[in-house]
Every structure is written in structure tokens, then in C-alpha cells.
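Beneath this line is the structure, given in C-alpha cells, with notes to follow.
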Amino acid sequence: FIHCDPLVRPFTSSSSSPQISTSLHDSRLNHLLLDPTSSSIYVGAVNALYHLSPDLQLLSWGKTGPKLDSPDCLPPIDPLDCTQAKYTDNTNKLLLLEEQDAGGGPRSLIVCGTVLQGICEKRSLRNVSEVLYQTANPVDTQYVAANDPRVSTVGVIVEQKGVGLMLVGRGYTSKGPGGIPPITARRLAPHLSAPAFSHEELGKLVVGSYSEYNNQFVKALHHDKHIYFLFSRRNVWGNREYRTYVSRLCAGDPSFYSYVEVPLECNGGNNLVYNLAQSAALGNHRGEPALFVAMSVGQASTPTPTSRSALCVYSMKDLNQALKKAQLLCYTQEGKGTGTNDAYDAYIEYEVSSRCLKLPSDSVDEYPCGGEHTPSPIASALPLHATPAITRTTQVTAVAVATEAGHTIAFLGDKSGQLHKVFLHANGTGALYDSVEVDGQSPVNADLLLDSSGRNIYALTERKVTRLPVAQCERHLDCYSCLSVRDPYCGWCSLEGRWASSFRFTNLKLRQRHSFINKSVHPLTGPLEGGILLTIRGSNLGQHYQDIQAGVTVAGVTCRPLPEAYLISTQIVCELQPAAQVTAGSVVVTVGDSESGHSPQTFTYQDPQLTRIVPNKGPMAGGTRITVHGSQLLTGQGTDLRAFVGSQPCHIMDGVSDTQLVCRTSHSNQTAGVSVRVLFGRAERTVHNVVFRYLEDPVITDATPAESFYGGGRNITVTGQNLDVVQQPMMSILFEMAGNGLVRKRRYSHVSLNCIISLSLSVFQRKGQCVSFSSEQMSCQSPPVPRGCRVVRVWFEMDNVHVDFESIKGTPFTYQPDPELYQLNREDPGNPIRFKPGGVLAVEGKGLTQAMSKEEVAAWLGDKECDVKTLDETHLYCEPPEEQPLSLDHLELPTHPKYIVVMGKLEFNLGTVQYDLGNHSAMPLEAQVGLAASAAVVVLIVLVIILMYRYRNTLNISTFICSLSEGKLHDRDSNQRSPDHSGSFLDFFLELTHSAPNVRFLILCMFCVQFIHTLEEQQNFSQRDRGYVASLLTMALHDKLEYFTDVMKTLLGDLVQQYVAKNPKLMLRRTETVVEKMLTNWMSICLYSFLKEVAGEPLYMLYRAIKYQVDKGPVDAVTGKAKRTLNDSHLLREDIDYCSITLTVLVKSGMEVQPCPVKVLDTDTITQVKDKILDQIYKGAPFSQRPSADSLDLEWRSGQAGHLTLSDDDVTAIVQGHWKRLNTLQHYKVSGLCFIVVTTETPMLEGGEDEGLRLWHLIKSSEEPEIPKHRKSSMRERERAKAIPEIYLTRLLSMKGTLQKFVDDVFVAILSTKRPPPIAVRFFFDFLDDMAEKHGIDDPETVHIWKTNSLPLRFWVNILKNPQFVFDVQVMDSVDAVLSVIAQTFIDSCTTSEHKVGRDSPVNKLLYAREIPRYKQLVERYYSDIHSAASGCYQEMNSMLTELSGMNSLVALHELYKYINKYYDQIIMALEEDAAGQKMQLAYRLQQVAALVENKVTDL
């Protein structure tokens, strides 16, 4: 301690201000606010607002209530509507200071009370009775404060991008509008359509059940770059006790993505847990920021505090680390801690549909304030611990903190009206050194405020405001009394013999009063112009500002101290003055006339220079990263460094070095060349002779392709304008994927549905770089994404210009599964595959063209490229070099190069290849032609013999083709057999198959073409014969479909030639020629796999949906008319009373009886009931494998002994005149409470048909007069269109709406271009385009009609009308009527004529009036995309046709020869007259065949 000399008397030249108090109209006071600018005091009270001077003189006041109000009514209050309204006290809940806004508005006072649902107003700071803003008709988003005086509300004001916001924490109230979130952000000024104080379009903390959490807010604080809320709430997922939490938000986060909270614990002796925060303040402790919280022990499981209290101190550093740890765990580890018990140390709170994720480990650093893809709100399960600094037995209600000479003093107000002063030691403990009574009648309010000088403290109680000095050193008359109280504000100066306002417990030697700059000087550099702030930390740096006011020099230059930043003895902040030249030196501080102190560090005046910028251009939208090069850029503090491009700020990024800095440009309103400036404090430097050019923003007009595979790396070609303006364009993707998350049960009972919180998917972002080739084109690589993810958004990121992919073309960017390629040598992957030079390498795979084209594939064999020739869905063909390439891997054998295929970022190693360098056959082509020509024509007949030895069962596909064919082979006599010449023909055939393939094909094609043309010229060659021959050719050549395809192409070419001379639009309109029937069969074969894998499922679902909907209503068993249909001619228009009943059906199966519930209608006939029973019993079984309804007996059992066999027609049937009605369940009075027994007994017939009686079910068919056949259809259609009442049209529309999704699915499956169209379709459409070009047909409508006639109308309409061709089902008349309407809609969608709907339009066109134009677009896009895509090549077709080949053609060849025999002479004559036939000696060869097969007499 300082030595006390009794001979020295105290010196009392100055003293602190006395304690003063004031009462304000005897009002109940709620809140206290200090304006640091004017030092004025503002007091919020019940029904009033007061403005006081620093010495508590009343300057102005204004009324705020009472007002007509009720918490159960919404403002404005109308007594007629709100009868319970009465004049209600307005308790002040928020009192905040708004600084001048960005628009230049005045500073104001924000006042929010309890009335009118807690709305706010703005008042003048000079005269609080003057209202600056008030809403007369508030909306629900303007309800701010709690409408209950007992419920707390806290708030803090921040600025985000120049916009003033108020963040509010509001407790739960049981009355008034529900759904107001506990924490909201609110604009202080109107914005667009949102009024002031509205939380519209701003962040909010959404809580599932606020009453369960019941947040009790204590304080809202703004520290550094964050906003903190201190509150207590119920621990819903734990022991349901109340505990204290601190939550944090980034000050610049308007969406609350950054919300995270951590519980606070403060445990004292005797197992006391101080769990309820009462008040808090920010301060410094041990030289670092800390949060000082007054905590109380709560009454069991309630938010009510007891008298046992404590002061608990939490380091802000530790608090932020705990919050960041919770963020890190929830961002990157799904909330799990590092322990082995898989405990969740962080989780999603407040019943929000989100979950902790497993993002990249740097996500917290990359997104410290969160983002759209990060989880929120996050809560830590690990509390931040503290021990009480001091405990009290009286409830502490207020806290304020001051720092004096580096030491921390806490001021604690309590419930008894006392103010306690506590000195906090460095070890965290506190010592009470003084207590002062503020108000013996009232607790001290939580608003306990120090004035700007730190010498006075303002305390608020219920009835008065009091100003107290922080210390009363003048009370100490001698050294002993001064030091004994250990007041940190008071000390004894032995030299001057007086008390002093400073603190020296140890080593205080005022006789050695030179300054020590022993901590830090920052920064150590500054510009020549000065203007930056220098911070000097040390000890003995004066007792008053006046001591050092003129005593600071830096490198010999005066530095002007700032009074507001001066801390007694420990810190000086001074403004650097200009220097004449570059210089360096120490920092010198002189306190009064004492010895100067010198810093150990050297400060340098520098002259920073800027030399160049990269890049020198960017878009007007901003976002360009400019690198500014120069020297001595680390001059001054980082906060002094600012950059500008023209007049716009350029935001400096982290990582500034001495030679370069990077900044991001802001938006510019115009294109211009502007200078680049950097400010070092007030010193400005410019990049000379260089300008940055703001150019027009890039615009994207097209981007193709619109899909990629998951592996990414596909080149997306982007076209537009100004694409080279951007330094580094990117392609970005946001995707989500499912994962395991927390699942918690809720404890309260009013929530149902298993009480499980549903957690949403995880969201991630990936980017791919783009390269600009020119201002109009760039190429971007699609980013890779994990399999199974769902793409949320795809966009192009060009600095600040973001363009969504979907906005470019109207279609989203999609991802397909990765392609699969199988090893070359699948049987023995370790060994190389042998390859003969001159051929192609064929690789099998899966999904190869879903998101890839041939041109994008790169294939390498060793060090040489393998030229990719063909790519289809399942095969890749490439042509390797003639000579074997070298191996790239020195570990490989030199003769075995690897075959590598690259697709985007996917690389496939498919094994090694060994060239087969053996000798080839030297047989000349002429010899091969001669050998082939002597035998090729007989292939059709020879196959009959050879296939006798290879006969096998036909495939499912053959059944499918036969169903579509008009001719049925089994209808013909196929038992006839030719004489057995199998031996000679077998030898002949084997010789033929070893001929050159191209020769074999040429001969066969020529023969078939002449054969068909000759047949069609014969007058007795009927239409039935044409279809039959086409089917026979299809079956005969099914084993060689590539031959069949080329024969068909040749015949179609001839057909085009014929129609070009007539009317080309009529071609393929009907099936009148052999080739048109061949085309039908060819389409059936080639589209079988597409139908099976793609279109079959939606088609079957459509059939099932139709049947289900039709069966839900009555169906007339005689006429087939139904209540639920799309077809107006099959609409059951009569009102039929019916109800649905459930029968318990007992099915006899051997000795077992199995019950089965079946839904039927009471209007169903017995046969209809049987059909529905069979549908239920044989669900999923093919129709052909279930028994017929006629083979079953239906027996009704009721009671113990009663039973009756049910039948459509029996002796009980009702006969009226010449009408007999079919029996129904209604007729038998069958209800659901009975048993129907199904047996396989053959029912006994009731007798023959009754003569002259007509059967009816629900309606009697009308006896219409005969209409001439040629007029019948058109007349009926017109009558239906005109006569159908609106009620029936509504019924049809209802059915249409039910089926719409299924119809859409079928049409989209058939016509979608999202997956590659079938190769056959591409191939054939290319052929039609070639034919049109060859014959000079430039009318697009003609080609459209050809394509429509060849595919949709020839194939798909047939399938739509007849699903039984594809599925083993029974199509009833009522279902067929609906399918006919859908098929007609498909036909209308494929026509080129304009779709007009009028009063006379058919009903099907009325029903689908809106959809047909959309379907037309589908068709047109389908044709267009196929036309613009790469042409389907012959190799692709051959590969596919080879896979499809294989069918028994024995019977077909035999039947075909019958036609050769029948028209033998005509065929021989045609072959002899044909020049090409003469060259190949086709007539001669056919005569040879005839002689061998039937011993015909020939000219041989």
C-alpha cells in the first residue's frame, strides 16, 4: 500500500457530483435511455415519456396513454366491434435511439408500448411530445412489443447495407394475435409496400409451439459484428427446467441463417444452480470483452426467481467459441460430438423442419453467417460454464460495468433498492467494497447506465430516477480511511497529501512518474498525409486527458490524442499528423512535466504506390475481383484501407499483402471508364494512366445441352452477348440429398401424427468453371453431384450477374445417372482382348446417350486416339489405328495398350487390347461375288429346311407382332411340307453364309423388291394377301432385320416416287401396300423394348385408372354405357340410384375356404359382380390365366341355412312386355352383411332364350330409325355436339380431370425429348427427311404428315386403342369407349391444322380444348429435336437390329414360297426384264430353286 504520512493533510480541491433524484409526475417508470451525443436522459413510463437533462432537469414530456384497447382485439379499435375494449394503461416496453437514417432523416426516439398490440412510434429527441411517425391503421406485421405488461420485450438497432433495422425479442403472450415470432427483424422506415416497423420479407425466428418454450427475454446487445439475445426458457427436450441461453445473429444477416444459441450455467456452492438471468451488461475483464449476467436461483420448474442471486461473468471469446463450435458440429458433423457415444452436442431447435448436416469442413469459415443451404436455428447441447464472482441473498435486478485503470468494477442493483459496488479480481472472484441506497421503496430497474465520462451512474426505480457518483473519494479525510475501503476509484497521493481518482493497490510509486509504453503501438506504419488513428497501450499514461494532450509524438511528428478514446493511465488513441518526408522513429509520450516514455517499436511514415490493376473491365452489376498491385499497401490499419472504382466502393477482400490487394466492385449505373483509388486513412492514391471499364452486363440467350450425368464435366455451350466481360464465370448448382438426422419425441399431448419432427433434406452447392471463347460464346463444365441427389437450382454466376438456367430456355437443367461401360473382356478381365486391324472396337454399356453425344466422347488406345464412330444407349464403337499404339504405362506389357474412354470427368479403364497380326484370307472379291450370286436367291427357301433343325419357341415379341398384324399365320394351312432336300440345301446354305455380307445382302434385297412389286401388279393379289405377305416377310427375315430394313427402305423410296407425282401428303395415310404393312411391323419390332421399358408402365397405369374410375359408377351390361366416362355416346345419362356395398366372398379352393372382401354396386348384374370378384381374387394375374365368369357359380348365403344361387337370368327375372331385365344384387336384395360363395361348379342353365324378349339392365336401348350408312356417323356427331346438356358435359369433365395426370404421363412418355428417342424413330425420321430433300419437297407440313402417319397414327394410336395387344387384360366396351376418346385426342394433337373449338365441335375436342395445343407443342418439339439432333447412323441401327433379331421363320418361309409358286411365271419374267436382275442372273437362280424344291420343268 501507499505509505501514509500523518503529518500530511488531505487536499480536496475537487469532488464528485452529489447524488440527485427526481420523481416524474409520480408515474410508474419502466425504461431508461441515455443519448451519448447530448447526454440527455429519456424515461419511458406508464402512459408517459420524459426527456431530462444530465442533471435530471425536466426538458419535455409527452403522453402515450391511456388508450381505448383490448388485448383480444386488433387495432384500430372500434367500440362497436370490440365491445370489451376499455381505456387501458400503456406500459412502455421499448425505448431505443434511432440515429440518422440513410435517407437523411432526423435522429428520433423509438417508443413501443403494450396497447394496440404493441405498435411503435417515433418521437422527436428535442421534444418527446412531438410524434414524428405513427400508424393509424396498423397491420399484423407491425405488432412489435408484448401486449402484456408482465411479459418482457427487448430490442437493439443495427444498420444493414445502409438500412436501419430493429431486432426485437418478444415474450409469449396468451392473448392477441398468435404467430408473432419470438425474435424478428423490422425496418425502421417504409420499404416498397411494407410499412415502418413491419417484419415483412425479413428474418424471423420461427417456433413450433412458443407457449412450450416461453422465452423470457432479458437483454439485446450489439457487440462487434453480432447481435446477442439473453433470455431464459424452458428446456423442452431435457428436464423441462428453465435455464438461461445466449443466442447470436450476424449483424448483417437479414434472413437469420446465422442463428445459434448456447445455454449458460452458473453453479455455486451447496449445489446451488443460478439458472435465471435477471439483467446483463457488456464490459471488459482482464483486458477482454465479457458478458456480466445477474443470475437467480429459480423456483422449481418455473420462470420465477428467488432471492438467491449471483454475478456470473462469461468471456465473449469463450462465448463465441462455444457458439462457433455448435455451428461447426451442426454444419459438418450432423451435430455429433467427437466422443464415442454418438451424442448430439448440437441440434436444430424450436421444432423447425431442418437438420444438422455433413457439409465440407471449412463451411463455417466459408459461411460464418450461414446461407440458404446451412441448417438453422442451431442450439448447443453443451452449456458454457461459469462460477459466481459474488453471491447475494437479495435478488439482483440490475448490472452495470466500468473499467478504471485496467480494473473491472461491477455495479449491482437489487430488489431492496440498494446499489452495490463490486471489485472483480483477475482470478474471477469479486469483493463488495461499498453499497448505496437508491430507493428504499422499490427495486432497481434493469436499465442501470453509466454516463459518457464514466463518473456517474443513472439508476431507475419504479417512482424516480437517480444519478449517483461512481465514487465518493472526498469522504476519505486521511490515507488510512481512503485505502481501507479499497475503492478502485480512490487513491492517496502522498506527495500532494490528497485523495486521487486512480487505483493503486500495489507498486504505486508516484515519485517515479515517467510513462511506460510497455504493451503495444498499433499500427506501426502510416501515410505521409497522416489522418489515421494510432493506439498506444501501456501504464502511467496520465491521470487526465490534459496530462497527455500535447505530449505525444510519433517519429518526431506530433500526434493529436482523442479525448473520447483516452483511458486513464492505460491507453491513448491519437490522430497521426502529416510528415514532410518518409521517416521512422519511436513513439514518445510525455505526461505533464515528467520524464518521457519511448516505445520499443519503430513507427514508419510510408508513401504507398499503386502500379496496375487486373482485370481492367467488368460488368455494370459489379462483383468483379480487381487485383491492385503496388508497394507498401500495408500502410496504416486494415480498417483505414478503403478502395474505390470511380465513386463506387470496391470492397476489400481478406488477405491484403504489402504488394497487392483484392477488392470486389460495386454496382454502377452506367458504362464508363473510371479510375481506381485506394485510401489509406485520408491519404489517397490512384492507379495512374489506367482506368477500369464498366461494360454492359453479360446476357445469356442459349445454353445447351440441358442435362448432364452425375459425374459432371459435360461441356455446356453458352451463347449470348458480352460474355467476355467477366473475369471468371462459373456454373453453379444447388442440390439436396437425404440423410440421417435427429428425431425427437414431443412431450405435449395436443400434437398428433406420432409426434415426430419431419426433417428436411440437406442442401449443398458446387461450382464448375467456364471459359469465354468470345463475347458471344463460352463453355462451362457441369459440376459433379452425388448420385441420388435432387437438383434445386442451376445458374450461371458471372460476377454479380446470376442467370438461372431455367430462365434461359424455359426448361430446367437435369442430371441423369452416370453412364456405365463394361470391360472389353468381360469373361476374363485380366487378359487383353484380341483385335483385328481394320475393324472397330465395340464396347457394351448402359445409359450411354442419356446425357452424352458421340462428339463429346474421347477414346484412347495407348498413346493414340480411337476414333469414335457410333454411340447409342448400349454400345460405343470406335475405330483404332491400323497399327498397334504404344502403351502409356511402363508397367504394362509393350504390346498391350489400355483402352480408356473419357466422358466429361468420368474415365473408364476398359482393359487392354492385343492386335491380331495374323494373315487374312486372300480370296478375291470377284470370287466371293460369284459364290454368293449362285446361291443368294434361295435363302428364303433354304431357311425353311435349315430352320427345321433349329426350331424353337417364339419370343414374347413375336406374340406382340402377331397381335398387331392383320394376317394371322395360324389361320393358314401350315401342315403342308415341301419334299425333303435338306442335305443339298444345307450344304448350299452353308456355302452362301460364308460369302461376303454385302454381296449376300445385295442379291436378297434385289430379289425381294422385284418379288413384291410383281405381286402387287397382279389383279387377284388382294388387300388381305398384301398384309399377309408383309407379315410373312417380317417373320422370315426377323433373323436378319438389317436386310428387312433395307428392303423396306427401297420399297418406301419407290412409294415416295409414286406419291410425289400425285399428292405427297397422302403417302402412308393408309395401309394399302405391302411396304406400308412392313413399316407397321418394323415399328412394332423396333419399339418393343421402348414400350416395355418406358411407355408400358404409364400406359398400364392409364388402363387401370380408367377401369377403376368406370367401375366406381354404374355400367349398363347391355349397351356398355357408363355413368363415369369420357365418351358422350357411351354416357349413361339417366339418374340411377345406386350404392356401394362390400361383400364378404368365400372362395372354395379344394378343401379350404378363404374370405375376401369385394366392393361392388347394388346395381351390378350377377356377371358384373363375378367379374369384380375375379378382379379381386386374381389381382395381378394375367387375364388369360383366370377362369371365366361363366364357369363360376355365385351362391348367396344369409343366416344359418338360407342360400340361393344367383344368376343374370332365372325364373325370378322381371318381364314387362317384350323386355326382360337382367337380375342385379338390388333385385335379390343382397346387402353387405352376407356371404357370397364362389365355386367352380358349372352352373345349370335356366333354359333356352325366351322368344322375342329383349334384355335390358339399367336402360332400354332406343329403337332408332335406320339412317343411311354414309350419313350415320356425321349426323350423330352433330346431334351429340349440339344436344349434350351442360350437366353431362360437367360429368365428362369431372372424369377427364380425374384421369388427366395419367393421360399426361402417357403422352409425355411417348413424346418426351428428355430421354433420347428410340434409335429406330431417329433413323426413320432421318430417312423421311432425306426423301423430302431428294425430291425437292420443302413444305414442312408434308414431312410432318409423313412422320405422323408412320409413327403416332400407325403405331401409338393402335396401342392406345388396344392395350390388350400389349398387356394380358380384358378391355370392356365401357373402357374401350374412354380409350377411343384419348386416342382421338392423340390423333388431333399430331395434326398440323389449327385447333378450333366451336359449338359443333365433337365432345372430345371440347373436353381437351386446353390440352390439345400443349400436346401439339410436345409433338412439334419431338419432331424438331429429332431433326436437329445428330443423324441416327446405319451402324447404330444395325447394332440394335442385331439385338432384336431371332425368331422361328420356318412356317413363314414355307408360306412365302406358295406365292412364288402361284405367280411363278410373272416373277421369272420380271426378273429377266430387270437389268440388275439379269446381271445377277436372278431368274436363272430362281429356276434352280424351283427345280430342286418342286421338280419344276425349267429351261435349264
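Identifiers in this document derive from the order of the C-alpha cells: chains are assigned A, B, ..., residues are numbered from 1 separately in each chain, and ligands are numbered from 1 in order of occurrence.
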
request  = From the DSSP assignment of the backbone, select every residue of segment 98-312 of chain A that is strand (DSSP E), and format the answer as JSON, numbers by chain.
outcome  = {"A": [98, 108, 109, 110, 111, 112, 113, 120, 121, 122, 123, 124, 131, 132, 133, 153, 154, 155, 156, 157, 158, 159, 160, 163, 164, 165, 166, 167, 168, 169, 170, 183, 184, 185, 186, 187, 204, 205, 216, 217, 218, 219, 220, 221, 222, 223, 226, 227, 228, 229, 230, 231, 232, 233, 234, 242, 243, 244, 245, 246, 247, 248, 249, 250, 260, 261, 262, 263, 264, 265, 266, 276, 277, 278, 279, 280, 281, 282, 283, 284, 285, 288, 289, 290, 291, 292, 293, 294, 295, 296, 297, 298, 305, 306, 307, 308, 309, 310, 311, 312]}

Residues of segment 521-630 of chain A that have any atom at most 6 Å from an atom of segment 789-813 of chain A: could you tabulate them with the shortest-distance atom pair and the distance in Å to one decimal, using only C-alpha atoms, ordered by chain and increasing number, as a tab-separated table?
residue	atom	partner	partner_atom	distance
A:Ala621	CA	A:Asn800	CA	5.5
A:Gly622	CA	A:Asn800	CA	5.4
A:Gly623	CA	A:Asp799	CA	4.4
A:Thr624	CA	A:Asp799	CA	5.4

Q.
Write out as number ranges by chain the set of residues from segment 1015-1198 of chain A that DSSP, computed on the backbone, places in alpha helix (DSSP H).
A. A: 1015-1016, 1023-1036, 1041-1061, 1074-1086, 1088-1090, 1096-1111, 1166-1177

message = What's around Val1158 of chain A at 10 Å? Count only C-alpha atoms, leave out sequence neighbours fewer than 4 positions away in its own chain, and write the answer as a list of chain:residue names.
response =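 The residues satisfying every condition are A:Ile1141, A:Thr1142, A:Leu1143, A:Thr1144, A:Val1145, A:Val1169, A:Lys1172, A:Ile1173, A:Leu1174, A:Asp1175, A:Gln1176, A:Ile1177, A:Gly1232, A:Ile1236.
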
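If only C-alpha atoms are the atoms counted, then among A:Leu1037, A:Ala146, A:Met778, A:Val763 the closest residue to Asp702 of chain A is A:Met778.
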
Report, in Å to a single decimal, how far apart atom CA of Cys866 of chain A and atom CA of Pro881 of chain A are.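 Going from atom CA of Pro881 of chain A over to atom CA of Cys866 of chain A, I get 6.8 Å.
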
* Could you give me, as a PyMOL selection string, the residues within 7 Å of Asn214 of chain A, counting only C-alpha atoms and dropping anything in the same chain fewer than 3 positions from it? => chain A and resi 171-172+210-211+233-234

message = Need to verify the contact set: Arg766 of chain A, 10 Å, only C-alpha atoms, exclusion of same-chain residues closer than 6 positions in sequence. Can you return it as a PyMOL selection string?
response = chain A and resi 730-735+782-785+794

The residue from A:Ser520, A:Thr1392, A:Gln660, A:Ile652 with the smallest atom-to-atom distance to His598 of chain A, counting only C-alpha atoms, is A:Ser520

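Restricting the calculation to only C-alpha atoms, the smallest distance between Ala858 of chain A and any of A:Pro819, A:Gly203, A:Gly904, A:Gly155 is found for A:Gly904.
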
Got a sec: who's within 9 Å of segment 25-36 of chain A, counting only C-alpha atoms, leaving out chain neighbours fewer than 6 positions off, as a VMD selection string?
-> chain A and resid 42 to 48 54 91 to 97 445 to 452 458 to 465

Of A:Glu366, A:Pro377, A:Tyr1484, A:Pro786, the one sitting nearest Tyr347 of chain A when using only C-alpha atoms is A:Pro377

Using only C-alpha atoms, which protein or nucleic acid residues come within 9 Å of segment 367-369 of chain A? Drop anything in the same chain fewer than 4 positions from it, and give the result as a ChimeraX atom specification. /A:249-250,252-253,256-259,324,327,362-363,374

Selection export as a compact mmCIF listing (two decimals), in the first residue's frame, atoms kept: N, CA, C and O atoms:
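To be explicit, this is the file written out as again_27.txt:
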# COMPACT_ATOMS: atom_id res chain seq x y z
N LEU A 249 -26.74 -13.65 -33.64
CA LEU A 249 -27.01 -13.46 -35.06
C LEU A 249 -25.96 -12.53 -35.64
O LEU A 249 -25.49 -11.62 -34.96
N CYS A 250 -25.58 -12.77 -36.88
CA CYS A 250 -24.71 -11.81 -37.55
C CYS A 250 -25.50 -10.51 -37.75
O CYS A 250 -26.66 -10.53 -38.14
N GLY A 252 -25.25 -8.49 -40.04
CA GLY A 252 -25.58 -8.31 -41.45
C GLY A 252 -26.38 -9.45 -42.04
O GLY A 252 -26.36 -9.65 -43.25
N ASP A 253 -27.05 -10.21 -41.19
CA ASP A 253 -27.81 -11.39 -41.66
C ASP A 253 -29.31 -11.08 -41.58
O ASP A 253 -29.92 -11.27 -40.54
N PHE A 256 -31.65 -14.46 -40.84
CA PHE A 256 -31.49 -15.27 -39.62
C PHE A 256 -30.88 -16.64 -39.91
O PHE A 256 -31.10 -17.59 -39.18
N TYR A 257 -30.11 -16.76 -41.02
CA TYR A 257 -29.43 -18.03 -41.29
C TYR A 257 -28.38 -18.33 -40.22
O TYR A 257 -28.00 -19.48 -40.02
N SER A 258 -27.88 -17.28 -39.54
CA SER A 258 -26.74 -17.45 -38.63
C SER A 258 -27.17 -17.73 -37.20
O SER A 258 -26.33 -17.77 -36.31
N TYR A 259 -28.46 -17.90 -36.96
CA TYR A 259 -28.95 -18.05 -35.58
C TYR A 259 -28.34 -19.28 -34.91
O TYR A 259 -28.41 -20.39 -35.43
N LYS A 324 -19.56 -20.94 -32.01
CA LYS A 324 -18.95 -21.40 -33.27
C LYS A 324 -18.82 -22.92 -33.27
O LYS A 324 -19.00 -23.57 -34.31
N GLN A 327 -22.08 -24.33 -34.22
CA GLN A 327 -22.23 -24.14 -35.67
C GLN A 327 -21.45 -25.20 -36.43
O GLN A 327 -21.94 -25.82 -37.38
N ASP A 362 -14.75 -26.78 -44.02
CA ASP A 362 -14.48 -25.35 -43.97
C ASP A 362 -15.75 -24.52 -44.11
O ASP A 362 -15.68 -23.31 -44.36
N SER A 363 -16.91 -25.14 -43.94
CA SER A 363 -18.18 -24.45 -44.19
C SER A 363 -18.39 -23.28 -43.23
O SER A 363 -18.93 -22.24 -43.61
N THR A 374 -27.45 -23.83 -45.29
CA THR A 374 -26.96 -24.23 -43.98
C THR A 374 -28.13 -24.43 -43.02
O THR A 374 -29.16 -23.77 -43.15
